[in-house]
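Novice: The following block contains the structure, expressed as structure tokens.
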Amino acid sequence: MSDLSVYRNIGIFAHVDAGKTTTTERFLKLTGKIHKLGEVHDGAATTDFMEQEQERGITIQSAATTCFWPGSEQQFEPHRFNIIDTPGHVDFTVEVYRSLKVLDGGVGVFCGSGGVEPQSETNWRYANDSKVSRLIYVNKLDRIGADFYKVVEQVKDVLGAVPLVMVLPIGTESDLKGVVDLLTRKAWVWDESGDPLNYEIQDVPADMVEKVEEYRSQLIETAVEQDDDAMEAYLEGNEPDLEILKKCIRKGTIKLDFFPTYCGSSFKNKGVQLILDAVVDYLPNPTDVEPQPEVDAEGNETGEKAIVDANRPLRALAFKIMDDKYGALTFTRVYSGKINKGMSVLNTTTGKTERIGRIIEMHADERNEVDSAQAGDIVALLGMKSVQTGHTLCDPDHPATLEPMVFPDPVISIAVKPKDKGQAEKLGTAIGKMVAEDPSFQVETDEDSGETILKGMGELHLDIKVDILKRTYGVEAEIGKPQVAYRETITAPVTDSYTHKKQSGGSGQFAKIDYTIEPNEPGEGFAFESKVVGGNVPREFWPAVEKGFKKSVDKGPQAGYPVVDVKFTLSDGAFHAVDSSAVAYEIAAKAAYRQTMPKGRPEILEPIMKIDVFCGEDNMGDVIGDLNRRRGMIKSQEPANTGIRIKADAPLSEMFGYIGSLRTMTSGRGQFSMEFSHYAATPKNVAETVIKEAAEREAAKRK
């Protein structure tokens, strides 16, 4: 039995380009997991093993790896780190979200010159939602314009978090020599060889003594608030010893009261050992975190929890499916109990029992087979047949379901048409595998045109999916232009009545309904209520009326887009003792929908995106002018470390190809992130175009 106190399940997350993957690479080098460092910009990083990642220099899918850390001075029993390197790009935040769901702690990496960038905010919010304890690491302090103290202020202002500064940088930009550890008042100074192990521990440089004392007293004052005895002793002038201070910092970190903050340069190998030590000292082990709640079939909490203990019944969550040359790998976090090779487990989502084939410890794309895994472990299972992301695996004798994952709806789609019949089969197989891997990527077939519609979170997301289809699966297909996921709704309530009568020898069909269709609150979706009294529409037919309306909202009255935020209220009606049936009422509801929806002043809704743009001050006017032309609403403009940060809301339909325009306007220096915010009504002229295009598509299909 492994000792869970030496386990750390951690994720590394940040904005694109803050240096997460390079930092992971340094962790692996220092823990002896790899001997030669691979660099992201050379396309050789260990955890970026997809061709698409190596070419673009970004991380697309989370990679998992396991390593052991005995401490920078061999001061610990070796601790087992299960590390997940997550993507920074906004189109792949679903990867971050599902990784955070199964992690106990994390390291948020911020760029020393870029500071708190758009994607860092989204990831930080996800980590708050998942209640994940974090360390902060301000990376790239060797870069021009890097400023540790400025980034610490941004963490307070932008993220509303409390950074607990643990180290101060010695020198900055090209003069970065090392860091001062505030707790021990020792300076860690690296030479210029670039070897992470070539460092000396020295006294604090004379010109930093005052600053070190100032930050050290802030650190201690914040830490002792976690322990009444330590606080009392400190107020009486007695500083607690190192062990008590570390206990206080650990307690506050796990409670999310503050976030220990470190700095350095991963690329130059300066400062990374202290973060690894901090993971051991301050981040929780699997038994320190709130156990996962168990839920019933409706998704409501049962009050039971999956206590992290190897001797309890098995509870495990599949959080990621990855297809590779060996077959489908199911990444699984074991919360309680044990998984052994060859044992049978129950998938409570499908109700099927599955046999565990092989259990694999992952190191990016290499694998190490093991015979068993226990509470606290993150492993990959081979040979799972019907397990999807978010499914629970458990002991068949003690079934339970863990809280599932919730994924955002896609906002953009493209049509894909295989070149010939042979390609169509390949396309079907490839898409099946890709959908299993990525829950934010959805696929449907347009029954009329036979086209396959791919839906995703953004332009880059779909770009990469098409690239994988072509290169990984060798599918040759024609790609249509991106389509926006419009929605429809109504703006005025309508009270109406509909009677369905059909007489054709024998028993007929009869159903009469009186009803109101009205706008629902934005974001509330579909609602149905029956206010029938006195049995004019018998209770057993109410679900049929609801079903008829519910099936109808897939197609709106104007352009055939799904209808959102409407409420249907059944107020009265009539029935016939012989001719009324559930089918008759369902048909009546469908016809009533078609009759009444056009009377409710329908309108087209479009997805509005949250845009976050960084640019130089001299480009600000052009960027704002361009956003205004794209019907953007500027929300705020704030000075950033190296320019201006503009926040705006803009319709997705106007944002296609934006990265190209932004690069042209800013000579390649601008960057932006975009995520779905809400749906809003389209202006009249846009609505007319959308309706016209929908009519043309329908006409083309009929040909």
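Note on naming: chains are A, B, ... as they come in the structure tokens, residues start from 1 per chain, ligands start from 1 in the order shown.
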Skip segment 583-589 of chain A itself and residues of its chain fewer than 2 positions away, then list as an mmCIF file with N, CA, C and O atoms, in the first residue's frame all residues within 7 Å of it, counting only C-alpha atoms.

Specialist:
data_model
loop_
_atom_site.group_PDB
_atom_site.id
_atom_site.type_symbol
_atom_site.label_atom_id
_atom_site.label_comp_id
_atom_site.auth_asym_id
_atom_site.auth_seq_id
_atom_site.Cartn_x
_atom_site.Cartn_y
_atom_site.Cartn_z
ATOM 1 N N TYR A 498 -55.630 25.388 -30.336
ATOM 2 C CA TYR A 498 -55.504 24.546 -31.524
ATOM 3 C C TYR A 498 -56.283 23.251 -31.296
ATOM 4 O O TYR A 498 -56.225 22.658 -30.212
ATOM 5 N N THR A 499 -56.990 22.829 -32.349
ATOM 6 C CA THR A 499 -57.741 21.563 -32.263
ATOM 7 C C THR A 499 -57.243 20.624 -33.353
ATOM 8 O O THR A 499 -57.172 20.998 -34.524
ATOM 9 N N HIS A 500 -56.907 19.424 -32.944
ATOM 10 C CA HIS A 500 -56.465 18.401 -33.916
ATOM 11 C C HIS A 500 -57.583 17.355 -34.022
ATOM 12 O O HIS A 500 -57.967 16.739 -33.033
ATOM 13 N N GLN A 509 -58.819 10.632 -34.219
ATOM 14 C CA GLN A 509 -57.885 11.311 -33.303
ATOM 15 C C GLN A 509 -58.501 12.647 -32.940
ATOM 16 O O GLN A 509 -58.985 13.379 -33.814
ATOM 17 N N PHE A 510 -58.463 12.982 -31.643
ATOM 18 C CA PHE A 510 -58.986 14.283 -31.229
ATOM 19 C C PHE A 510 -58.140 14.819 -30.075
ATOM 20 O O PHE A 510 -57.839 14.098 -29.118
ATOM 21 N N ALA A 511 -57.755 16.104 -30.198
ATOM 22 C CA ALA A 511 -57.074 16.784 -29.086
ATOM 23 C C ALA A 511 -57.263 18.275 -29.269
ATOM 24 O O ALA A 511 -57.023 18.804 -30.357
ATOM 25 N N PHE A 541 -52.166 13.102 -20.326
ATOM 26 C CA PHE A 541 -51.783 13.621 -21.648
ATOM 27 C C PHE A 541 -50.862 14.847 -21.563
ATOM 28 O O PHE A 541 -50.367 15.316 -22.572
ATOM 29 N N ALA A 544 -47.448 14.409 -23.076
ATOM 30 C CA ALA A 544 -47.463 14.337 -24.543
ATOM 31 C C ALA A 544 -47.452 15.743 -25.137
ATOM 32 O O ALA A 544 -46.790 16.006 -26.151
ATOM 33 N N VAL A 545 -48.201 16.662 -24.492
ATOM 34 C CA VAL A 545 -48.213 18.064 -24.964
ATOM 35 C C VAL A 545 -46.807 18.654 -24.808
ATOM 36 O O VAL A 545 -46.260 19.275 -25.727
ATOM 37 N N LYS A 547 -44.000 17.042 -24.698
ATOM 38 C CA LYS A 547 -43.104 16.383 -25.655
ATOM 39 C C LYS A 547 -43.243 17.011 -27.049
ATOM 40 O O LYS A 547 -42.260 17.254 -27.750
ATOM 41 N N GLY A 548 -44.500 17.290 -27.445
ATOM 42 C CA GLY A 548 -44.737 17.902 -28.758
ATOM 43 C C GLY A 548 -44.060 19.252 -28.883
ATOM 44 O O GLY A 548 -43.409 19.556 -29.891
ATOM 45 N N PHE A 549 -44.201 20.078 -27.828
ATOM 46 C CA PHE A 549 -43.551 21.399 -27.855
ATOM 47 C C PHE A 549 -42.023 21.253 -27.822
ATOM 48 O O PHE A 549 -41.303 21.928 -28.541
ATOM 49 N N SER A 580 -59.336 10.571 -28.074
ATOM 50 C CA SER A 580 -58.142 11.265 -27.569
ATOM 51 C C SER A 580 -57.060 10.258 -27.184
ATOM 52 O O SER A 580 -57.362 9.198 -26.635
ATOM 53 N N SER A 581 -55.801 10.619 -27.492
ATOM 54 C CA SER A 581 -54.664 9.752 -27.129
ATOM 55 C C SER A 581 -53.430 10.630 -26.965
ATOM 56 O O SER A 581 -53.424 11.803 -27.374
ATOM 57 N N ALA A 591 -48.399 21.113 -34.068
ATOM 58 C CA ALA A 591 -49.103 22.007 -34.999
ATOM 59 C C ALA A 591 -49.339 23.376 -34.346
ATOM 60 O O ALA A 591 -49.249 24.421 -35.001
ATOM 61 N N ALA A 592 -49.656 23.373 -33.042
ATOM 62 C CA ALA A 592 -49.874 24.629 -32.312
ATOM 63 C C ALA A 592 -48.610 25.486 -32.347
ATOM 64 O O ALA A 592 -48.661 26.705 -32.531
ATOM 65 N N TYR A 593 -47.465 24.824 -32.187
ATOM 66 C CA TYR A 593 -46.166 25.525 -32.228
ATOM 67 C C TYR A 593 -46.008 26.231 -33.581
ATOM 68 O O TYR A 593 -45.687 27.416 -33.655
#

Novice: Would you pick out the contacts of Val179 of chain A at 9 Å or less, using only C-alpha atoms, so that residues sharing its chain but fewer than 2 positions from it are not included, and give the list as a list in words?

Specialist: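 Close residues of Val179 of chain A: Val167, Leu168, Pro169, Ile170, Gly171, Leu176, Lys177, Asp181, Lys186, Ala187, Trp188, Val189, Tyr262, Cys263, Gly264, Lys270 and Gly271 of chain A.
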
Novice: Looking at only C-alpha atoms, which of A:Thr472, A:Thr349, A:Thr23, A:Asn619 is the one that sits closest to Arg645 of chain A?

Specialist: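 Nearest candidate to Arg645 of chain A out of A:Thr472, A:Thr349, A:Thr23, A:Asn619: A:Asn619.
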
Novice: Find the spatial neighbours of Cys248 of chain A, counting only C-alpha atoms, within a cut-off of 7 Å - ignore same-chain residues fewer than 5 positions away - and output them as a list in words.

Specialist: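 My list of contacting residues is Ala223, Val224, Gln226 and Asp227 of chain A.
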
Novice: For the selection just defined, write its residues with N, CA and C atoms to a file, as a short mmCIF file (atom, residue, chain, number, x, y, z; two decimals), in the first residue's frame.

Specialist:
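As a result, part_9.cif now contains:
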data_model
loop_
_atom_site.label_atom_id
_atom_site.label_comp_id
_atom_site.auth_asym_id
_atom_site.auth_seq_id
_atom_site.Cartn_x
_atom_site.Cartn_y
_atom_site.Cartn_z
N ALA A 223 0.87 34.49 7.36
CA ALA A 223 0.89 33.06 7.67
C ALA A 223 0.36 32.77 9.07
N VAL A 224 0.78 33.56 10.07
CA VAL A 224 0.41 33.22 11.46
C VAL A 224 -1.08 33.41 11.73
N GLN A 226 -3.26 31.84 10.48
CA GLN A 226 -3.86 30.50 10.37
C GLN A 226 -3.81 29.73 11.69
N ASP A 227 -3.09 30.26 12.68
CA ASP A 227 -2.91 29.49 13.93
C ASP A 227 -2.90 30.46 15.11
#
